[in-house]
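**Q** Mind looking over this structure? Questions follow.
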Amino acid sequence: MSRQSVTTWTTTREEAGQINQRGGIPTISLNAHGMDDTVKQILEKVLQGCRITTSEGEVLFNQCDLPTLGAVAQHLKARRFGDNIFYNRNLHINQTNICVLSCRFCAFRRGRKSSDAYSLSIEEYISRIIPFEHYISEVHTVGGLHPDWGLDYYEELFKAVKHRFPNLFIKALSAVEIKHLSQLTGLSIETVLSKLNEAGLDTLPGGGAEILVDEVRDKICKGKESSQEYLDIHKEAHLQGIPTNCTMLFGTVESVSQRLTHLDKLRKLQDETKGFQCFVPYPFLPDSSRLLEAQLATSNEILRMIAISRIMLDNIPHIKAYRMNLGDNIASLALLHGADDIDGTVSHEEIMHLAGSNAPLEDRDTNLITLIESIGGVAVERNTDYTQFNNQRTNRPSRRKGLPVAHS
Ligand code: SF4
């Protein structure tokens with residue numbers, strides 16, 4: 001099977017791939033039969049384009065049936081992006097697994113003396129990219145909080161990457177890594193970010209948000225940045241014109257109400273800065289050695305979380321199905337419950353795979369395009385900051401599928 005690149009198009013960063021729906025898309029009507037009045041009123045508010053509160057979000061999460069919740073979220077997604085589903089061609093490189101912290105959910109970190117501890121030199125890092133250099137548009141780098149690596153390592157690294165691969169986007173360093181560099185060097189967050197940006201850092205990934213409620217953070221990742229520090233670091237990046245993503249790790253010890261609080265904090269910051277491009281919710285992947293009290297998330301709950309994220313985060317354009325964590329089957333369903341973006345070809349990845357993910361790692365995007373087409377989507381390859389797009393399609397006959405919409 002082959003693939004074809006069909007159309008190339010661009011938007012501004014603010015539009016982020018939003019398309020004009022000529023004539024709009026059909027409105028959906030709710031099947032009110034048997035539906036709780038409160039749930040119906042909240043859904044009607046959502047469909048009228050009004051923002052809902054965290055309490056209303058909690059009612060929807062807990063009481064709305066999944067097909068209706070998914071159909072409403074999918075309708076909101078279609079209003080912005082039609083059938084388009086975005087992906088990019090990226091390579092994950094985890095620069096070191098040595099970490100001074102020991103978050104309870106983390107299967108990746110190692111102590112410095114561990115037999116499988118590693119730290120990549122700049123040459124080793126570059127050599128990881130070379131096999132993919134003509135194929136990827138982004139390198140995604142997060143890792144442990146190395147006790148000895150200050151700003152110099154990262155400045156040299158980013159400069160070397162940009163020198164060797166000038167067109168490659170660098171998405172790197174989660175908020176806690178920025179905080180760690182600030183602590184090691186004694187420089188402010190503002191200075192750390194601006195020096196890294198000058199050296200070539202293009203965007204920050206959203207990792208490390210976990211749940212933005214300190215009571216939960218104290219139980220699962222004590223010592224990491226506080227909720228407010230996470231938000232402040234992203235805010236500072238936005239103020240410097242560095243776009244970022246944001247995430248949520250759910251299914252550990254948090255309540256539904258705390259998940260809604262998390263979404264509300266992100267929504268409020270986005271009202272202020274408009275710097276978040278994409279929200280990535282993903283569930284904790286359990287094993288027998290970490291966080292035994294984790295409540296875990298069922299498939300139903302994962303899809304509810306995707307849908308409620310689309311509904312609550314009315315100001316963050318993209319909701320991502322993170323297939324490295326969800327696996328292809330749930331990721332496909334997520335694309336029918338409000339997600340519009342899927343990460344990615346991901347030629348190499350360690351953090352989720354050490355935590356138990358079996359998601360395939362691929363160098364080419366044909367299977368990803370096939371996955372998108374199998375649920376009735378139009379595959380659109382994007383760049384990191386959602387300004388350049390390339391419609392793709394396989395030569396398979398179109399098989400449109402999708403969720404049935406709840407009609408009265
Ligand atoms: S989640 Fe990050 S900060 Fe926490 S232990 Fe793992 S690598 Fe270190």
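Ordering of the structure tokens sets the chain letters (A, B, ...); residue numbers start at 1 within each chain; ligands are numbered from 1 in the order shown.
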Any idea what's packed within 9 Å of Lys219 (chain A), counting only C-alpha atoms, ignoring anything in its chain fewer than 5 positions away? Could you give it as a ChimeraX atom specification?
**A** /A:104,214,253
**Q** Tell me, as a list in words, which residues lie within 9 Å of Lys195 (chain A), counting only C-alpha atoms; anything in the same chain fewer than 6 positions away does not count.
**A**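 The contact residues come out as Leu151, Glu155 and Leu201 of chain A.
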**Q** Given a cut-off of 8 Å, what residues near ligand 1 show up using only C-alpha atoms and all ligand atoms, put as a JSON list (two decimals) with C-alpha atoms, in the first residue's frame?
**A**
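To be explicit, this is the file written out as out-v2.json:
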```json
[["chain", "number", "residue", "atom", "x", "y", "z"],
["A", 97, "ASN", "CA", 17.63, 8.27, 32.92],
["A", 98, "ILE", "CA", 19.64, 9.43, 35.95],
["A", 99, "CYS", "CA", 17.37, 11.44, 38.20],
["A", 100, "VAL", "CA", 17.76, 13.04, 41.61],
["A", 101, "LEU", "CA", 14.05, 12.50, 42.29],
["A", 102, "SER", "CA", 12.12, 9.28, 42.68],
["A", 103, "CYS", "CA", 8.50, 9.83, 41.71],
["A", 104, "ARG", "CA", 6.40, 6.87, 42.77],
["A", 105, "PHE", "CA", 4.77, 6.32, 39.38],
["A", 106, "CYS", "CA", 8.05, 6.48, 37.42],
["A", 107, "ALA", "CA", 9.51, 3.29, 35.86],
["A", 108, "PHE", "CA", 12.16, 5.20, 33.94],
["A", 109, "ARG", "CA", 14.51, 6.86, 36.44],
["A", 143, "GLY", "CA", 14.67, 12.84, 30.78],
["A", 144, "GLY", "CA", 15.82, 12.63, 34.36],
["A", 145, "LEU", "CA", 17.10, 15.49, 36.51],
["A", 176, "VAL", "CA", 10.56, 20.23, 36.36],
["A", 177, "GLU", "CA", 13.70, 20.02, 34.21],
["A", 208, "GLY", "CA", 5.16, 16.51, 34.60],
["A", 221, "CYS", "CA", 5.71, 12.83, 43.09],
["A", 224, "LYS", "CA", 8.69, 17.71, 42.01]]
```
**Q** Just the strand (DSSP E) stuff from region 230-333 of chain A, please, per backbone DSSP, written as a ChimeraX atom specification.
**A** /A:244-250,276-283,318-322
**Q** Could you dump the residues just selected with C-alpha atoms as a short mmCIF file (atom, residue, chain, number, x, y, z; two decimals), in the first residue's frame?
**A**
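What landed in out-v5.cif:
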```
data_model
loop_
_atom_site.label_atom_id
_atom_site.label_comp_id
_atom_site.auth_asym_id
_atom_site.auth_seq_id
_atom_site.Cartn_x
_atom_site.Cartn_y
_atom_site.Cartn_z
CA THR A 244 4.04 24.66 25.18
CA ASN A 245 1.87 21.61 25.61
CA CYS A 246 0.19 20.54 28.84
CA THR A 247 -0.62 17.08 30.14
CA MET A 248 -2.51 15.14 32.80
CA LEU A 249 -1.54 11.80 34.32
CA PHE A 250 -4.75 10.30 35.69
CA PHE A 276 -0.80 26.11 25.19
CA GLN A 277 -1.10 24.35 21.86
CA CYS A 278 -2.15 20.89 22.89
CA PHE A 279 -3.48 19.02 25.93
CA VAL A 280 -2.38 15.41 26.39
CA PRO A 281 -4.30 13.36 28.97
CA TYR A 282 -2.97 9.87 29.63
CA PRO A 283 -3.63 7.19 32.23
CA HIS A 318 -5.69 20.41 20.26
CA ILE A 319 -6.46 17.34 22.36
CA LYS A 320 -3.98 14.56 21.79
CA ALA A 321 -4.45 10.80 21.80
CA TYR A 322 -1.02 9.71 23.03
#
```
**Q** For Pro317 (chain A), please output as a VMD selection string all residues within 12 Å (counting only C-alpha atoms; exclusion window: fewer than 3 positions along the same chain).
**A** chain A and resid 13 to 19 76 to 81 86 245 to 246 267 270 274 to 280 309 to 314 320 338 to 341 385 to 386
**Q** For Phe158 (chain A), find every residue with an atom within 10 Å (counting only C-alpha atoms), except residues of its own chain fewer than 3 positions away, and show them as a CSV table (one decimal) with C-alpha atoms, in the first residue's frame.
**A**
```csv
chain,number,residue,atom,x,y,z
A,122,ILE,CA,26.1,15.3,22.5
A,153,TYR,CA,25.1,20.9,28.4
A,154,TYR,CA,21.7,21.8,27.0
A,155,GLU,CA,22.9,25.0,25.4
A,161,VAL,CA,21.3,20.0,16.8
A,162,LYS,CA,20.3,23.2,15.1
A,163,HIS,CA,23.7,23.4,13.4
A,164,ARG,CA,23.5,19.8,12.1
A,170,ILE,CA,13.4,20.9,19.2
A,172,ALA,CA,12.4,19.6,25.0
A,196,LEU,CA,17.7,27.8,26.1
A,197,ASN,CA,15.4,29.5,23.5
A,198,GLU,CA,18.4,31.4,22.1
A,199,ALA,CA,20.3,28.1,21.9
A,200,GLY,CA,17.6,26.5,19.8
A,201,LEU,CA,14.8,25.2,22.0
A,202,ASP,CA,11.5,25.8,20.1
```
**Q** Pull the closest atom pair for each residue of region 39-58 of chain A that gets at most 8 Å from region 254-261 of chain A, along with the distance in Å to one decimal, counting only C-alpha atoms, ordering rows by chain and then ascending residue number, as a tab-separated table.
**A**
```
residue	atom	partner	partner_atom	distance
A:Thr54	CA	A:Leu260	CA	5.6
A:Ser55	CA	A:Ser257	CA	7.9
A:Gly57	CA	A:Leu260	CA	6.9
A:Glu58	CA	A:Ser257	CA	6.4
```
**Q** What's the separation between CA of Pro147 (chain A) and CA of Gly111 (chain A), in Å to one decimal place?
**A**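 We find that CA of Pro147 (chain A) and CA of Gly111 (chain A) lie 10.3 Å from each other.
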**Q** Find the residue from A:Leu30, A:Ile126, A:Leu91, A:Ile220 that sits nearest to Ala294 (chain A); use only C-alpha atoms when measuring.
**A**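 For Ala294 (chain A), the nearest of the given residues is A:Ile220.
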